[in-house]
$ cat model_4.txt   # compact mmCIF, C-alpha atoms
# COMPACT_ATOMS: atom_id res chain seq x y z
CA MET A 1 285.73 211.23 161.32
CA PHE A 2 284.63 209.87 164.69
CA ILE A 3 283.60 213.33 165.93
CA THR A 4 281.57 214.12 162.82
CA PHE A 5 279.74 210.78 162.63
CA PHE A 6 276.34 212.38 163.17
CA PRO A 7 273.90 209.61 164.24
CA GLN A 8 275.19 209.42 167.82
CA LEU A 9 276.33 213.03 168.34
CA ILE A 10 273.38 214.77 169.97
CA ALA A 11 271.93 212.37 172.53
CA GLY A 12 273.54 208.97 172.32
CA PRO A 13 274.38 206.18 172.48
CA ILE A 14 277.59 207.44 174.10
CA VAL A 15 280.26 205.80 171.97
CA HIS A 16 283.95 205.35 172.74
CA HIS A 17 286.26 205.98 169.79
CA LYS A 18 287.81 202.52 170.09
CA GLU A 19 284.38 201.02 169.31
CA MET A 20 284.25 202.99 166.07
CA MET A 21 287.75 203.35 164.65
CA SER A 22 288.19 199.68 163.81
CA GLN A 23 284.89 199.79 161.90
CA PHE A 24 285.96 202.89 159.97
CA LYS A 25 289.30 201.25 159.18
CA SER A 26 287.64 198.05 158.00
CA MET A 27 285.20 199.98 155.85
CA LEU A 28 287.69 202.36 154.22
CA TRP A 29 290.97 200.52 153.99
CA ASN A 30 290.08 196.85 153.67
CA ASN A 31 288.11 197.18 150.43
CA SER A 32 284.79 196.52 152.20
CA ILE A 33 281.59 196.97 150.24
CA LEU A 34 280.42 200.52 150.95
CA ILE A 35 276.78 199.80 150.10
CA ASN A 36 275.57 196.75 152.00
CA TRP A 37 271.91 196.22 151.14
CA GLU A 38 271.33 193.85 154.04
CA ASN A 39 272.54 196.48 156.51
CA ILE A 40 270.45 199.13 154.79
CA ALA A 41 267.37 196.89 155.14
CA LYS A 42 268.15 196.32 158.83
CA GLY A 43 268.79 200.02 159.32
CA LEU A 44 265.49 200.98 157.75
CA PHE A 45 263.71 198.38 159.87
CA ILE A 46 265.00 199.64 163.22
CA PHE A 47 264.88 203.31 162.15
CA SER A 48 261.18 203.01 161.31
CA MET A 49 260.55 201.29 164.64
CA GLY A 50 262.41 204.03 166.52
CA LEU A 51 260.54 206.81 164.72
CA PHE A 52 257.23 205.08 165.52
CA LYS A 53 258.18 204.76 169.19
CA LYS A 54 259.04 208.45 169.38
CA VAL A 55 256.26 210.03 167.34
CA TYR A 56 253.31 207.76 168.05
CA ILE A 57 253.98 206.37 171.54
CA ALA A 58 256.26 208.81 173.38
CA ASP A 59 254.59 211.97 172.06
CA SER A 60 251.15 210.60 172.99
CA PHE A 61 252.30 210.16 176.58
CA ALA A 62 253.88 213.62 176.45
CA LEU A 63 250.44 215.25 176.14
CA TRP A 64 249.28 213.81 179.47
CA ALA A 65 252.62 214.11 181.28
CA ASN A 66 253.17 217.74 180.27
CA ALA A 67 249.62 218.72 181.21
CA GLY A 68 249.87 217.12 184.65
CA PHE A 69 253.31 218.49 185.51
CA LYS A 70 252.34 221.98 184.34
CA ILE A 71 249.44 222.04 186.80
CA VAL A 72 251.42 220.90 189.86
CA GLU A 73 254.42 223.09 188.99
CA ASN A 74 252.11 226.12 189.06
CA GLY A 75 250.66 225.15 192.44
CA GLY A 76 247.54 223.40 191.17
CA THR A 77 246.13 220.10 192.41
CA LEU A 78 245.26 216.84 190.70
CA ASN A 79 243.19 213.90 191.90
CA ILE A 80 244.87 210.59 192.67
CA PHE A 81 244.05 209.11 189.24
CA GLU A 82 245.49 212.11 187.42
CA THR A 83 248.70 212.08 189.45
CA TRP A 84 249.46 208.41 188.81
CA ALA A 85 248.55 208.81 185.15
CA THR A 86 250.90 211.82 184.98
CA SER A 87 253.87 210.04 186.57
CA LEU A 88 253.40 206.81 184.59
CA SER A 89 252.94 208.80 181.37
CA TYR A 90 256.32 210.44 181.88
CA THR A 91 257.94 207.12 182.83
CA PHE A 92 256.86 205.61 179.51
CA GLN A 93 257.38 208.82 177.52
CA LEU A 94 261.00 208.99 178.63
CA TYR A 95 261.68 205.36 177.76
CA PHE A 96 260.05 205.32 174.33
CA ASP A 97 261.42 208.77 173.47
CA PHE A 98 265.05 207.97 174.30
CA SER A 99 265.03 204.34 173.14
CA GLY A 100 263.31 205.51 169.95
CA TYR A 101 266.10 208.02 169.37
CA CYS A 102 268.74 205.35 169.93
CA ASP A 103 266.98 202.98 167.52
CA MET A 104 266.98 205.73 164.90
CA ALA A 105 270.70 206.41 165.49
CA ILE A 106 271.50 202.69 165.22
CA GLY A 107 269.44 202.49 162.03
CA ILE A 108 271.14 205.45 160.36
CA ALA A 109 274.56 204.07 161.33
CA LEU A 110 273.69 200.75 159.70
CA PHE A 111 273.14 202.61 156.41
CA PHE A 112 276.92 203.13 156.55
CA SER A 113 277.55 199.56 157.82
CA ILE A 114 278.53 200.95 161.23
CA LYS A 115 277.21 199.17 164.34
CA LEU A 116 276.46 201.37 167.35
CA PRO A 117 276.15 199.73 170.79
CA ILE A 118 272.83 198.83 172.39
CA ASN A 119 271.58 201.41 174.90
CA PHE A 120 268.46 199.78 176.40
CA ASN A 121 267.65 196.22 177.38
CA PHE A 122 264.26 195.81 179.13
CA PRO A 123 265.02 198.35 181.91
CA TYR A 124 261.47 198.25 183.32
CA LYS A 125 261.33 194.50 183.89
CA VAL A 126 264.26 194.41 186.33
CA LEU A 127 264.05 193.00 189.86
CA ASN A 128 266.53 195.40 191.49
CA ILE A 129 268.01 198.85 190.97
CA SER A 130 271.49 197.55 190.12
CA ASP A 131 270.09 195.58 187.20
CA PHE A 132 268.17 198.68 186.11
CA TRP A 133 271.45 200.55 185.68
CA ARG A 134 272.87 197.68 183.67
CA ARG A 135 269.93 197.95 181.27
CA TRP A 136 269.05 201.69 181.19
CA HIS A 137 271.26 204.07 179.16
CA ILE A 138 273.85 201.30 179.00
CA THR A 139 276.50 203.41 177.30
CA LEU A 140 276.33 206.11 180.00
CA GLY A 141 276.63 203.40 182.66
CA LYS A 142 279.67 201.95 180.89
CA PHE A 143 281.23 205.41 180.58
CA LEU A 144 280.77 206.11 184.32
CA LYS A 145 282.04 202.64 185.18
CA ASP A 146 285.21 203.00 183.10
CA TYR A 147 286.05 206.58 184.05
CA LEU A 148 284.70 206.90 187.60
CA TYR A 149 283.69 203.66 189.31
CA ILE A 150 286.80 201.61 188.43
CA PRO A 151 289.28 204.47 189.11
CA LEU A 152 287.64 204.88 192.54
CA GLY A 153 288.37 201.21 193.22
CA GLY A 154 285.15 199.61 191.98
CA ASN A 155 284.33 196.50 193.99
CA ARG A 156 287.97 195.58 194.60
CA VAL A 157 287.95 197.54 197.84
CA SER A 158 286.36 197.17 201.27
CA LYS A 159 282.57 196.94 201.47
CA ILE A 160 282.26 200.45 202.93
CA ILE A 161 284.35 202.00 200.14
CA ASN A 162 282.41 199.99 197.57
CA LEU A 163 279.16 201.47 198.91
CA ARG A 164 280.72 204.92 198.69
CA ASN A 165 281.73 204.31 195.07
CA LEU A 166 278.22 203.18 194.11
CA PHE A 167 276.69 206.28 195.67
CA ILE A 168 279.16 208.65 193.99
CA VAL A 169 278.52 207.14 190.54
CA ALA A 170 274.72 207.38 190.91
CA PHE A 171 274.98 210.94 192.26
CA VAL A 172 277.23 212.04 189.40
CA SER A 173 274.85 210.48 186.87
CA GLY A 174 272.14 212.81 188.20
CA VAL A 175 274.27 215.95 188.07
CA TRP A 176 275.58 214.90 184.63
CA HIS A 177 272.12 215.46 183.12
CA ARG A 178 271.75 219.07 184.22
CA ALA A 179 272.45 221.45 187.11
CA GLY A 180 269.30 221.54 189.22
CA TRP A 181 268.02 220.34 192.58
CA GLY A 182 265.65 217.88 190.94
CA PHE A 183 268.56 216.08 189.27
CA VAL A 184 270.58 216.19 192.50
CA ILE A 185 267.71 214.56 194.40
CA TRP A 186 267.22 212.01 191.61
CA GLY A 187 270.91 211.08 191.79
CA VAL A 188 270.83 210.88 195.60
CA LEU A 189 267.73 208.66 195.53
CA HIS A 190 269.34 206.26 193.09
CA GLY A 191 272.59 206.36 195.05
CA LEU A 192 270.79 205.42 198.27
CA ALA A 193 268.86 202.69 196.43
CA MET A 194 272.11 201.25 195.04
CA VAL A 195 273.69 201.28 198.51
CA ILE A 196 270.66 199.63 200.14
CA HIS A 197 270.51 196.94 197.47
CA ARG A 198 274.23 196.19 197.78
CA ILE A 199 273.90 195.87 201.58
CA TYR A 200 270.94 193.55 201.00
CA THR A 201 273.05 191.36 198.69
CA PHE A 202 275.79 191.25 201.34
CA ILE A 203 273.27 189.98 203.90
CA THR A 204 271.45 187.50 201.63
CA PRO A 205 274.04 186.28 199.09
CA ASN A 206 272.49 182.91 198.21
CA ALA A 207 269.02 183.02 199.72
CA LYS A 208 266.71 180.41 198.16
CA PHE A 209 263.57 182.53 198.64
CA LYS A 210 264.80 184.82 195.84
CA GLU A 211 263.73 182.15 193.33
CA ASN A 212 260.13 182.26 194.55
CA ILE A 213 257.72 183.73 191.98
CA VAL A 214 255.85 185.75 194.64
CA TYR A 215 259.14 187.28 195.77
CA LYS A 216 260.07 188.17 192.18
CA ILE A 217 256.71 189.86 191.58
CA PHE A 218 257.07 191.80 194.84
CA VAL A 219 260.62 193.06 194.17
CA TRP A 220 259.66 193.99 190.58
CA PHE A 221 256.71 196.00 191.92
CA VAL A 222 258.90 197.80 194.47
CA THR A 223 261.69 198.48 191.96
CA PHE A 224 259.41 199.74 189.20
CA ASN A 225 257.53 202.06 191.53
CA PHE A 226 260.77 203.43 192.96
CA ILE A 227 261.97 204.18 189.41
CA ASN A 228 258.61 205.76 188.57
CA LEU A 229 258.61 207.98 191.68
CA ALA A 230 262.24 209.03 191.22
CA TRP A 231 261.50 210.16 187.65
CA ILE A 232 259.16 212.80 189.12
CA PHE A 233 262.15 214.79 190.45
CA PHE A 234 263.91 214.23 187.12
CA ARG A 235 260.98 215.73 185.20
CA SER A 236 259.54 218.48 187.38
CA GLU A 237 260.71 222.01 186.59
CA ASN A 238 260.66 222.89 190.29
CA LEU A 239 260.79 220.99 193.58
CA GLN A 240 257.40 222.23 194.71
CA GLY A 241 255.80 220.67 191.66
CA ALA A 242 257.38 217.30 192.46
CA ILE A 243 256.25 217.51 196.09
CA ASN A 244 252.70 218.52 195.07
CA LEU A 245 252.48 215.54 192.72
CA LEU A 246 253.80 213.08 195.31
CA LYS A 247 251.40 214.36 197.98
CA ALA A 248 248.42 213.85 195.69
CA MET A 249 249.64 210.42 194.54
CA PHE A 250 249.51 209.14 198.11
CA GLY A 251 246.32 210.93 199.15
CA LEU A 252 248.00 213.59 201.29
CA THR A 253 246.20 216.31 199.32
CA TRP A 254 242.42 216.19 199.46
CA VAL A 255 240.79 216.58 196.06
CA ASP A 256 237.14 215.92 195.27
CA LEU A 257 236.90 213.02 192.84
CA PRO A 258 234.37 213.06 190.00
CA ILE A 259 231.00 211.57 190.92
CA LYS A 260 231.36 209.02 188.13
CA TRP A 261 234.90 208.14 189.14
CA HIS A 262 234.87 204.90 187.15
CA ARG A 263 234.86 206.85 183.88
CA MET A 264 238.44 207.68 182.99
CA LYS A 265 237.54 210.70 180.86
CA GLU A 266 236.05 212.44 183.89
CA SER A 267 238.66 211.13 186.33
CA LEU A 268 241.51 212.39 184.12
CA ALA A 269 239.84 215.57 182.86
CA GLN A 270 242.53 218.04 183.97
CA ILE A 271 245.27 216.28 181.99
CA SER A 272 242.96 215.71 178.97
CA GLY A 273 243.04 211.97 179.60
CA SER A 274 240.48 209.30 178.79
CA ASN A 275 240.08 205.54 178.57
CA GLU A 276 242.78 205.76 175.90
CA THR A 277 245.27 206.87 178.56
CA LEU A 278 244.64 203.80 180.66
CA ILE A 279 244.86 201.52 177.61
CA TYR A 280 248.17 203.10 176.57
CA ILE A 281 249.64 202.59 180.05
CA ILE A 282 248.56 198.93 180.20
CA VAL A 283 249.72 198.14 176.66
CA CYS A 284 253.12 199.81 177.17
CA MET A 285 253.60 198.01 180.47
CA ILE A 286 253.02 194.72 178.64
CA LEU A 287 255.37 195.77 175.81
CA CYS A 288 258.13 196.68 178.27
CA ILE A 289 257.85 193.43 180.21
CA GLY A 290 256.57 190.65 177.98
CA PHE A 291 257.71 191.34 174.42
CA LYS A 292 261.05 191.29 172.63
CA ASN A 293 262.69 194.69 172.27
CA SER A 294 263.74 196.29 169.01
CA ILE A 295 267.38 195.15 169.28
CA GLU A 296 266.34 191.50 169.68
CA LYS A 297 264.09 191.83 166.65
CA LEU A 298 266.98 193.40 164.72
CA GLU A 299 269.33 190.53 165.58
CA LYS A 300 266.83 188.04 164.14
CA PHE A 301 265.84 190.24 161.22
CA LYS A 302 265.47 188.68 157.79
CA THR A 303 264.25 190.40 154.67
CA SER A 304 260.69 189.33 153.97
CA TYR A 305 257.37 190.68 152.78
CA ILE A 306 256.10 190.77 156.36
CA ASN A 307 259.05 192.88 157.56
CA SER A 308 258.64 195.14 154.52
CA LEU A 309 255.01 195.69 155.45
CA LEU A 310 255.99 196.40 159.07
CA VAL A 311 258.48 199.04 157.96
CA MET A 312 255.87 200.68 155.72
CA LEU A 313 253.28 200.57 158.51
CA PHE A 314 255.61 202.11 161.12
CA LEU A 315 256.75 204.85 158.73
CA TYR A 316 253.22 205.56 157.50
CA ILE A 317 251.78 205.93 161.01
CA ALA A 318 254.77 208.00 162.20
CA LEU A 319 254.70 210.37 159.22
CA ILE A 320 250.92 210.82 159.38
CA THR A 321 251.19 211.53 163.11
CA LEU A 322 253.97 214.06 162.46
CA GLY A 323 251.65 215.83 160.07
CA VAL A 324 248.72 216.22 162.46
CA VAL A 325 250.32 216.51 165.92
CA ALA A 326 252.54 219.29 167.23
CA TYR A 327 256.23 218.32 167.28
CA THR A 328 257.75 217.42 170.64
CA GLU A 329 261.55 217.50 170.70
CA PHE A 330 263.56 214.55 171.95
CA ILE A 331 263.86 214.71 175.73
CA TYR A 332 267.60 214.06 175.76
CA PHE A 333 268.22 217.07 173.49
CA ASN A 334 267.96 219.03 176.75
CA PHE A 335 270.90 217.29 178.40

$ encode --input "model_4.txt" --output "structure tokens"
Amino acid sequence: MFITFFPQLIAGPIVHHKEMMSQFKSMLWNNSILINWENIAKGLFIFSMGLFKKVYIADSFALWANAGFKIVENGGTLNIFETWATSLSYTFQLYFDFSGYCDMAIGIALFFSIKLPINFNFPYKVLNISDFWRRWHITLGKFLKDYLYIPLGGNRVSKIINLRNLFIVAFVSGVWHRAGWGFVIWGVLHGLAMVIHRIYTFITPNAKFKENIVYKIFVWFVTFNFINLAWIFFRSENLQGAINLLKAMFGLTWVDLPIKWHRMKESLAQISGSNETLIYIIVCMILCIGFKNSIEKLEKFKTSYINSLLVMLFLYIALITLGVVAYTEFIYFNF
């Protein structure tokens, strides 16, 4: 029954059987109500939100990300605006695609009164890479912690061995996704970042300057841009494409900019971008940092006319978009 419970099978959340069996037992053997209309309402609410995130937001970013990566993977060049738009588009595509899938899985499970674990918790608003891994693909992080990090000794060992354990876990998380040099490099980069951050915490355990708002803005900026740059190796089909994109992002490749560089449509012409691209990036940055996520909204969900209208709006927009835009499969179907 656990193996065939379809909502979480293909891409996640990664669920341990002990999280599920007690729920199955309660539902089947303790005379629980099989049809719980409150759970169905909650499930429809978060399912519609997840479908909207995937179809309307993630697939919109996919158009620009795919166009940009295709050019650099084939040896082409982009201007500095196009490269940053390409990398940021993939950063947001990946988040809204995968979190949208998880929301849909959680919603479908709620139809059966089964509660799947949360998989994302504001991963792009973190102030350090360790916190990122506590908030991004949470169930994978828990799996690696339980079956790799703790058996290796976790943090109950010497500082040097602890650094080794952190690096191994991050490296394995890269290789876990797929065999390829891009994923190896992505895992190594995150492993080195985890090690550097842990050394930093050893040196400055209770530093007061960490509470300063300027410091928090700075470390957020550094952390987010590291995550964004590392995703390039995760996404690119070949290493040369990743290198070409990085060179252009930092001005190491000379490309003539459009004369009217202030017009986004001309500045982002090769990836079919426009002012809409810039608006999407800004809006999604605000959504990822300043607004409640879907799980928080679900926890406070109450049946009402407003929530009914929201569900209808999300489903309407998502279904209309599905009808007029080419389908883009879920990213994590590849892993």

$ closest_residue --input "model_4.txt" --among "A:Phe112, A:Phe24, A:Phe314, A:Phe120" --to "A:Ser294" --atoms "only C-alpha atoms"
A:Phe120

$ closest_residue --input "model_4.txt" --among "A:Gly153, A:Glu82, A:Ser48, A:Tyr56" --to "A:Val324" --atoms "all atoms listed in the file"
A:Tyr56

$ atom_distance --input "model_4.txt" --atom1 "atom CA of A:Leu51" --atom2 "atom CA of A:Phe92"
15.3 Å

$ atom_distance --input "model_4.txt" --atom1 "atom CA of A:Val55" --atom2 "atom CA of A:Leu322"
6.7 Å

$ closest_residue --input "model_4.txt" --among "A:Ala65, A:Ile199, A:Ile150, A:Ala41" --to "A:Leu110" --atoms "all atoms listed in the file"
A:Ala41

$ residues_around --input "model_4.txt" --residues "A:Ser60" --least-positions-apart "6" --cutoff "9 Å" --atoms "all atoms listed in the file" --output "PDB file with C-alpha atoms, in the coordinates of the input"
ATOM      1  CA  LYS A  54     259.040 208.450 169.380  1.00  0.00           C
ATOM      2  CA  SER A  89     252.940 208.800 181.370  1.00  0.00           C
ATOM      3  CA  GLN A  93     257.380 208.820 177.520  1.00  0.00           C
ATOM      4  CA  THR A 277     245.270 206.870 178.560  1.00  0.00           C
ATOM      5  CA  TYR A 280     248.170 203.100 176.570  1.00  0.00           C
TER       6      TYR A 280
END

$ atom_distance --input "model_4.txt" --atom1 "atom CA of A:Leu268" --atom2 "atom CA of A:Phe52"
25.4 Å
